[in-house]
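Participant: Following this message is one structure expressed as structure tokens.
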There are 2 protein chains.
Amino acid sequence: MSLAHVLLGLLGRAPASGWDLGSRLTGDPALGWNAELAQIYPALQRLLRGGFVALRRRRSPKGPPRREYRITAAGRREFREWLDEPLEIPKPHAAALARLAFLEKRSPEARLAALKLYRVLLSEELTHTPPGTTAARRRRRMLLETELRWADAEIAASLSGRTLSPEER
Amino acid sequence: MSLAHVLLGLLGRAPASGWDLGSRLTGDPALGWNAELAQIYPALQRLLRGGFVALRRRRSPKGPPRREYRITAAGRREFREWLDEPLEIPKPHAAALARLAFLEKRSPEARLAALKLYRVLLSEELTHTPPGTTAARRRRRMLLETELRWADAEIAASLSGRTLSPEER
DNA sequence: CGGCAGTATATAAATGTTTATATACTACGA
DNA sequence: TCGTAGTATATAAACATTTATATACTGCCG
């Protein structure tokens, strides 16, 4: 169960509320994990019952009282055990990738349009991704830059393919 | 529901059994999707009931009779609609990535060992990844090559950090 | 004052995915 | 002949994730 361990990892950096953890997860794609609040709140309750985190209630300047969690010694132990499990090459699992995998099923025009759109998305993402301060962030940035070069190469290939198409010869 | 659409996409290339589809999914990480057979068989039954695929039973040279599916016109229509949905930048979601994201929490020795292991895994994966014949496969290969360069850079940084550590100064 | 936006927590229902288990057919080697 | 490996299908149970919905508190704008 990785979500609980990722939450422990984040709480190891600083105490946080469920809301904070949700923001950090969705705000940092380099973490390699994401979750809805509806999943985070029950996960924190389980961690609390298990003694892996401790709770402190604090009133919030805005909104209802916050429930801030900090990691316990047992939590750190549990996190380290998870961290020690063997690494693997992650197998991607995303609808957007599956769509890219079937690019060849589209008409040359639609393919080109999709590639150009994807390129725009990539460069936007890159502007929101500051040069990395951690290994995982540096990795993420390098991968985005590579994807950008890939998209450019595919766009070029798509254009030269178009030039060679029957109507244009 | 992406699994059903990915299956339709694969069946659009050639008719196949559930077993075949399972092998193709796990055999081609560039597809960006993976699933267990226990998920594939019910999905095919739903596609069949919906009229998106048609079934032909064939006896197998080895093992029990195969149930081979081919895509129907309705299936192609459904697939194209899914393919036309807007692209996004995929947010990675994998335990291995989450572990990499907490590399800094490990001791310099453990960090270095993890990076070296990951490097080995990457180069193995690359040898099993022939130069791409589709856009998605070319993308996958470029990303693996970039990850390899990232791992080398992090290993180098880790080593120079070690050189500067108190005991060695 | 009323509604909206942002912060904050929470639960139920629906959906998707993995793990465990069972069955069946063939070929091959011990 | 018996076990094992590979091919092939299938279901139940457990687990994970998303979507929908509800509540509450604050400040701001109209």
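As shown in the structure tokens, the chain order sets the letters A, B, ...; within each chain, residues go from 1, and ligands are also counted from 1 in the order they appear.
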With 12 Å as the limit and counting only C-alpha atoms (C1' of nucleotides), what residues in chain D lie close to chain A? Please list them as number ranges by chain.

Facilitator: D: 15-21, 23-27

Participant: Would you mind listing what lies within 8 Å of B:Ala95 as a PyMOL selection string, with only C-alpha atoms (C1' of nucleotides) counted and same-chain residues fewer than 2 positions away left out?

Facilitator: (chain A and resi 2+32-33+90) or (chain B and resi 93+97-99)

Participant: Write the residues you've just listed into a file as a short mmCIF file (atom, residue, chain, number, x, y, z; two decimals), in the first residue's frame, and include N, CA, C and O atoms for each of them.

Facilitator:
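Contents of the output file selection-v4.cif:
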data_model
loop_
_atom_site.label_atom_id
_atom_site.label_comp_id
_atom_site.auth_asym_id
_atom_site.auth_seq_id
_atom_site.Cartn_x
_atom_site.Cartn_y
_atom_site.Cartn_z
N SER A 2 1.08 1.82 -1.15
CA SER A 2 2.08 2.89 -1.27
C SER A 2 1.59 4.23 -0.75
O SER A 2 2.38 5.01 -0.23
N GLY A 32 5.71 11.06 -8.07
CA GLY A 32 5.32 9.78 -8.67
C GLY A 32 4.08 9.16 -8.06
O GLY A 32 3.80 7.99 -8.28
N TRP A 33 3.34 9.95 -7.30
CA TRP A 33 2.10 9.43 -6.72
C TRP A 33 1.11 10.57 -6.60
O TRP A 33 1.49 11.72 -6.44
N PRO A 90 9.43 1.49 -13.49
CA PRO A 90 7.97 1.65 -13.45
C PRO A 90 7.32 1.41 -14.81
O PRO A 90 7.85 1.84 -15.83
N HIS B 93 2.36 7.46 -11.64
CA HIS B 93 1.74 6.86 -10.46
C HIS B 93 2.33 5.47 -10.29
O HIS B 93 1.77 4.49 -10.75
N LEU B 97 8.68 5.00 -8.53
CA LEU B 97 8.98 6.43 -8.64
C LEU B 97 8.92 7.11 -7.29
O LEU B 97 9.74 7.97 -6.97
N ALA B 98 7.91 6.72 -6.49
CA ALA B 98 7.79 7.31 -5.16
C ALA B 98 9.04 7.00 -4.35
O ALA B 98 9.53 7.85 -3.61
N ARG B 99 9.57 5.80 -4.50
CA ARG B 99 10.80 5.46 -3.77
C ARG B 99 11.95 6.34 -4.24
O ARG B 99 12.75 6.82 -3.44
#

Participant: Record the distance separating atom CA of B:Tyr41 and atom CA of B:Leu21, expressed in Å with one decimal.

Facilitator: 9.8 Å

Participant: Can you list, as a ChimeraX atom specification, every residue of chain A that DSSP puts in helix (DSSP H, G or I)?

Facilitator: /A:2-13,18-27,29-31,37-49,73-83,95-101,103-105,108-127,135-163,166-168

Participant: Using only C-alpha atoms, which residues of chain B come within 8 Å of chain A, and what is the closest atom pair for each, with the distance in Å to one decimal? Give it as a Markdown table, sorted by chain and residue number.

Facilitator:
| residue | atom | partner | partner_atom | distance |
| --- | --- | --- | --- | --- |
| B:Ser2 | CA | A:Ala95 | CA | 6.1 |
| B:Val6 | CA | A:Ala98 | CA | 6.9 |
| B:Gly9 | CA | A:Phe102 | CA | 7.2 |
| B:Pro29 | CA | A:Lys91 | CA | 6.1 |
| B:Ala30 | CA | A:Ala101 | CA | 6.7 |
| B:Leu31 | CA | A:Ala101 | CA | 5.3 |
| B:Gly32 | CA | A:Ala98 | CA | 4.9 |
| B:Trp33 | CA | A:His93 | CA | 4.6 |
| B:Asn34 | CA | A:His93 | CA | 6.6 |
| B:Leu83 | CA | A:Arg99 | CA | 5.8 |
| B:Leu87 | CA | A:Ala96 | CA | 5.6 |
| B:Glu88 | CA | A:Ala96 | CA | 5.8 |
| B:Ile89 | CA | A:Leu121 | CA | 6.7 |
| B:Pro90 | CA | A:Ala96 | CA | 5.9 |
| B:Lys91 | CA | A:Pro29 | CA | 6.1 |
| B:Pro92 | CA | A:Gly32 | CA | 5.0 |
| B:His93 | CA | A:Trp33 | CA | 4.5 |
| B:Ala94 | CA | A:Gly32 | CA | 5.9 |
| B:Ala95 | CA | A:Ser2 | CA | 6.1 |
| B:Ala96 | CA | A:Leu87 | CA | 5.6 |
| B:Leu97 | CA | A:Gly32 | CA | 5.0 |
| B:Ala98 | CA | A:Gly32 | CA | 4.9 |
| B:Arg99 | CA | A:Leu83 | CA | 5.8 |
| B:Leu100 | CA | A:Ala136 | CA | 6.2 |
| B:Ala101 | CA | A:Ala136 | CA | 4.9 |
| B:Phe102 | CA | A:Gly9 | CA | 7.2 |
| B:Leu103 | CA | A:Ala135 | CA | 7.3 |
| B:Glu104 | CA | A:Thr134 | CA | 7.4 |
| B:Ala114 | CA | A:Leu87 | CA | 7.4 |
| B:Leu117 | CA | A:Leu87 | CA | 7.7 |
| B:Tyr118 | CA | A:Leu87 | CA | 6.6 |
| B:Leu121 | CA | A:Ile89 | CA | 6.7 |
| B:Leu122 | CA | A:Ile89 | CA | 6.9 |
| B:Glu125 | CA | A:Ile89 | CA | 8.0 |
| B:Thr134 | CA | A:Glu104 | CA | 7.4 |
| B:Ala135 | CA | A:Glu154 | CA | 6.9 |
| B:Ala136 | CA | A:Ala101 | CA | 4.9 |
| B:Arg137 | CA | A:Ala101 | CA | 7.9 |
| B:Arg138 | CA | A:Trp150 | CA | 7.8 |
| B:Arg139 | CA | A:Trp150 | CA | 6.1 |
| B:Met142 | CA | A:Thr146 | CA | 6.9 |
| B:Leu143 | CA | A:Leu143 | CA | 6.1 |
| B:Thr146 | CA | A:Leu143 | CA | 6.6 |
| B:Glu147 | CA | A:Arg139 | CA | 7.0 |
| B:Trp150 | CA | A:Arg139 | CA | 6.1 |
| B:Glu154 | CA | A:Ala135 | CA | 6.9 |

Participant: Output the selection as a PDB file, in the first residue's frame - C-alpha atoms for each residue.

Facilitator:
ATOM      1  CA  SER B   2      -9.465   3.010 -20.572  1.00  0.00           C
ATOM      2  CA  VAL B   6      -7.002  -0.116 -25.176  1.00  0.00           C
ATOM      3  CA  GLY B   9      -7.259  -0.570 -30.046  1.00  0.00           C
ATOM      4  CA  PRO B  29       5.348  -0.959 -21.977  1.00  0.00           C
ATOM      5  CA  ALA B  30       5.082   1.729 -24.676  1.00  0.00           C
ATOM      6  CA  LEU B  31       1.344   1.065 -24.723  1.00  0.00           C
ATOM      7  CA  GLY B  32       1.114   2.910 -21.429  1.00  0.00           C
ATOM      8  CA  TRP B  33      -1.383   0.458 -19.984  1.00  0.00           C
ATOM      9  CA  ASN B  34      -1.236  -2.909 -18.303  1.00  0.00           C
ATOM     10  CA  LEU B  83      -9.007   8.394 -29.140  1.00  0.00           C
ATOM     11  CA  LEU B  87      -4.517  14.698 -24.529  1.00  0.00           C
ATOM     12  CA  GLU B  88      -2.877  15.560 -21.215  1.00  0.00           C
ATOM     13  CA  ILE B  89       0.551  15.239 -19.658  1.00  0.00           C
ATOM     14  CA  PRO B  90       0.355  11.960 -17.768  1.00  0.00           C
ATOM     15  CA  LYS B  91       0.955  12.152 -14.021  1.00  0.00           C
ATOM     16  CA  PRO B  92       3.138   9.198 -13.094  1.00  0.00           C
ATOM     17  CA  HIS B  93       1.742   6.861 -10.457  1.00  0.00           C
ATOM     18  CA  ALA B  94       4.156   4.108  -9.486  1.00  0.00           C
ATOM     19  CA  ALA B  95       5.640   2.884  -6.239  1.00  0.00           C
ATOM     20  CA  ALA B  96       9.115   2.717  -7.764  1.00  0.00           C
ATOM     21  CA  LEU B  97       8.978   6.428  -8.639  1.00  0.00           C
ATOM     22  CA  ALA B  98       7.786   7.312  -5.163  1.00  0.00           C
ATOM     23  CA  ARG B  99      10.802   5.458  -3.771  1.00  0.00           C
ATOM     24  CA  LEU B 100      13.103   7.408  -6.078  1.00  0.00           C
ATOM     25  CA  ALA B 101      11.460  10.621  -4.860  1.00  0.00           C
ATOM     26  CA  PHE B 102      12.680   9.883  -1.343  1.00  0.00           C
ATOM     27  CA  LEU B 103      16.243   9.011  -2.352  1.00  0.00           C
ATOM     28  CA  GLU B 104      17.476  11.962  -0.306  1.00  0.00           C
ATOM     29  CA  ALA B 114      19.971   2.336  -5.222  1.00  0.00           C
ATOM     30  CA  LEU B 117      20.838  -0.804  -9.162  1.00  0.00           C
ATOM     31  CA  TYR B 118      18.371   1.405 -10.988  1.00  0.00           C
ATOM     32  CA  LEU B 121      17.652  -2.144 -14.490  1.00  0.00           C
ATOM     33  CA  LEU B 122      17.493   0.679 -17.013  1.00  0.00           C
ATOM     34  CA  GLU B 125      15.302  -2.647 -20.094  1.00  0.00           C
ATOM     35  CA  THR B 134       5.965   3.543 -33.707  1.00  0.00           C
ATOM     36  CA  ALA B 135       5.963   7.037 -32.233  1.00  0.00           C
ATOM     37  CA  ALA B 136       5.158   5.677 -28.790  1.00  0.00           C
ATOM     38  CA  ARG B 137       8.022   3.172 -28.911  1.00  0.00           C
ATOM     39  CA  ARG B 138      10.477   5.825 -30.050  1.00  0.00           C
ATOM     40  CA  ARG B 139       9.269   7.982 -27.159  1.00  0.00           C
ATOM     41  CA  MET B 142      14.307   8.141 -25.751  1.00  0.00           C
ATOM     42  CA  LEU B 143      12.954   8.365 -22.213  1.00  0.00           C
ATOM     43  CA  THR B 146      17.490   9.956 -20.770  1.00  0.00           C
ATOM     44  CA  GLU B 147      16.903   8.130 -17.509  1.00  0.00           C
ATOM     45  CA  TRP B 150      20.128  10.995 -15.303  1.00  0.00           C
ATOM     46  CA  GLU B 154      23.237  11.356  -9.981  1.00  0.00           C
TER      47      GLU B 154
END

Participant: Could you work out how far atom CA of B:Thr133 lies from atom CA of B:Leu47, giving the answer in Å with one decimal?

Facilitator: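 Straight-line distance from atom CA of B:Leu47 to atom CA of B:Thr133 works out to 28.9 Å.
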
Participant: Hey, which of A:Ile71, A:Leu37, A:Ala14, A:Ile155 ends up closest to chain C? Count only C-alpha atoms (C1' of nucleotides).

Facilitator: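 Using only C-alpha atoms (C1' of nucleotides), the shortest distance to chain C belongs to A:Leu37.
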
Participant: If you count only C-alpha atoms (C1' of nucleotides), which residues fall within 12 Å of D:DG30, apart from same-chain ones fewer than 3 positions away, as a PyMOL selection string?

Facilitator: chain C and resi 1-4

Participant: What is the atom CA of B:Gly51-atom CA of B:Glu68 distance in Å, reported with one decimal?

Facilitator: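 Computing the Euclidean distance for atom CA of B:Gly51 and atom CA of B:Glu68 yields 14.5 Å.
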
Participant: Residues of chain C within 6 Å of chain B, using only C-alpha atoms (C1' of nucleotides), as a compact mmCIF listing (two decimals) with N, CA and C atoms (P, O5', C5', C4', C3', O3' and C1' of nucleotides), in the first residue's frame?

Facilitator:
# COMPACT_ATOMS: atom_id res chain seq x y z
P DA C 24 -12.26 -29.58 -15.14
O5' DA C 24 -11.44 -29.22 -16.47
C5' DA C 24 -11.99 -28.34 -17.44
C4' DA C 24 -10.99 -28.21 -18.57
C3' DA C 24 -10.32 -29.53 -18.95
O3' DA C 24 -10.34 -29.62 -20.37
C1' DA C 24 -8.71 -27.87 -18.59
P DC C 25 -10.57 -30.98 -21.18
O5' DC C 25 -9.40 -30.97 -22.27
C5' DC C 25 -9.20 -29.82 -23.09
C4' DC C 25 -7.73 -29.66 -23.36
C3' DC C 25 -6.97 -30.97 -23.62
O3' DC C 25 -6.70 -31.06 -25.01
C1' DC C 25 -5.70 -29.41 -22.33
P DT C 26 -5.94 -32.37 -25.64
O5' DT C 26 -4.39 -31.95 -25.61
C5' DT C 26 -3.94 -30.82 -26.37
C4' DT C 26 -2.46 -30.65 -26.14
C3' DT C 26 -1.65 -31.93 -26.34
O3' DT C 26 -0.80 -31.74 -27.47
C1' DT C 26 -1.02 -30.79 -24.32

Participant: Enumerate as a ChimeraX atom specification all residues of chain B assigned to strand (DSSP E or B) by DSSP on the backbone, naming them with the chain letters and numbers the document uses.

Facilitator: /B:16-17,53-58,66-71

Participant: Deliver the residues from the most recent selection as a file, using N, CA and C atoms, as a PDB file, in the first residue's frame.

Facilitator:
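The resulting file, out_37.pdb, is reproduced below:
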ATOM      1  N   ALA B  16      -7.695 -11.307 -31.553  1.00  0.00           N
ATOM      2  CA  ALA B  16      -6.873 -11.900 -30.503  1.00  0.00           C
ATOM      3  C   ALA B  16      -7.743 -12.486 -29.409  1.00  0.00           C
ATOM      4  N   SER B  17      -7.155 -13.395 -28.634  1.00  0.00           N
ATOM      5  CA  SER B  17      -7.819 -13.947 -27.457  1.00  0.00           C
ATOM      6  C   SER B  17      -7.444 -13.099 -26.243  1.00  0.00           C
ATOM      7  N   VAL B  53     -17.256  -6.106 -29.870  1.00  0.00           N
ATOM      8  CA  VAL B  53     -16.387  -7.143 -30.424  1.00  0.00           C
ATOM      9  C   VAL B  53     -17.249  -8.360 -30.776  1.00  0.00           C
ATOM     10  N   ALA B  54     -16.721  -9.207 -31.655  1.00  0.00           N
ATOM     11  CA  ALA B  54     -17.410 -10.460 -31.995  1.00  0.00           C
ATOM     12  C   ALA B  54     -16.492 -11.614 -31.626  1.00  0.00           C
ATOM     13  N   LEU B  55     -17.108 -12.758 -31.346  1.00  0.00           N
ATOM     14  CA  LEU B  55     -16.358 -13.899 -30.820  1.00  0.00           C
ATOM     15  C   LEU B  55     -16.324 -15.037 -31.825  1.00  0.00           C
ATOM     16  N   ARG B  56     -15.157 -15.656 -31.935  1.00  0.00           N
ATOM     17  CA  ARG B  56     -15.061 -16.928 -32.652  1.00  0.00           C
ATOM     18  C   ARG B  56     -14.270 -17.915 -31.816  1.00  0.00           C
ATOM     19  N   ARG B  57     -14.840 -19.082 -31.579  1.00  0.00           N
ATOM     20  CA  ARG B  57     -14.130 -20.111 -30.820  1.00  0.00           C
ATOM     21  C   ARG B  57     -13.232 -20.897 -31.782  1.00  0.00           C
ATOM     22  N   ARG B  58     -12.017 -21.155 -31.353  1.00  0.00           N
ATOM     23  CA  ARG B  58     -11.101 -21.962 -32.167  1.00  0.00           C
ATOM     24  C   ARG B  58     -10.355 -22.917 -31.259  1.00  0.00           C
ATOM     25  N   ARG B  66      -9.511 -21.691 -27.609  1.00  0.00           N
ATOM     26  CA  ARG B  66      -9.321 -20.244 -27.548  1.00  0.00           C
ATOM     27  C   ARG B  66     -10.607 -19.527 -27.890  1.00  0.00           C
ATOM     28  N   ARG B  67     -10.822 -18.388 -27.291  1.00  0.00           N
ATOM     29  CA  ARG B  67     -11.952 -17.527 -27.654  1.00  0.00           C
ATOM     30  C   ARG B  67     -11.361 -16.297 -28.317  1.00  0.00           C
ATOM     31  N   GLU B  68     -11.418 -16.259 -29.631  1.00  0.00           N
ATOM     32  CA  GLU B  68     -10.800 -15.145 -30.349  1.00  0.00           C
ATOM     33  C   GLU B  68     -11.827 -14.064 -30.645  1.00  0.00           C
ATOM     34  N   TYR B  69     -11.428 -12.821 -30.341  1.00  0.00           N
ATOM     35  CA  TYR B  69     -12.311 -11.675 -30.529  1.00  0.00           C
ATOM     36  C   TYR B  69     -11.806 -10.837 -31.688  1.00  0.00           C
ATOM     37  N   ARG B  70     -12.766 -10.299 -32.450  1.00  0.00           N
ATOM     38  CA  ARG B  70     -12.385  -9.274 -33.430  1.00  0.00           C
ATOM     39  C   ARG B  70     -13.270  -8.063 -33.217  1.00  0.00           C
ATOM     40  N   ILE B  71     -12.762  -6.900 -33.600  1.00  0.00           N
ATOM     41  CA  ILE B  71     -13.496  -5.661 -33.353  1.00  0.00           C
ATOM     42  C   ILE B  71     -14.611  -5.510 -34.384  1.00  0.00           C
TER      43      ILE B  71
END

Participant: Pick out the residues sitting within 10 Å of stretch 21-23 of chain C, and hand them over as a count of residues only; count only C-alpha atoms (C1' of nucleotides), and ignore anything fewer than 6 positions along from it in its own chain.

Facilitator: 4
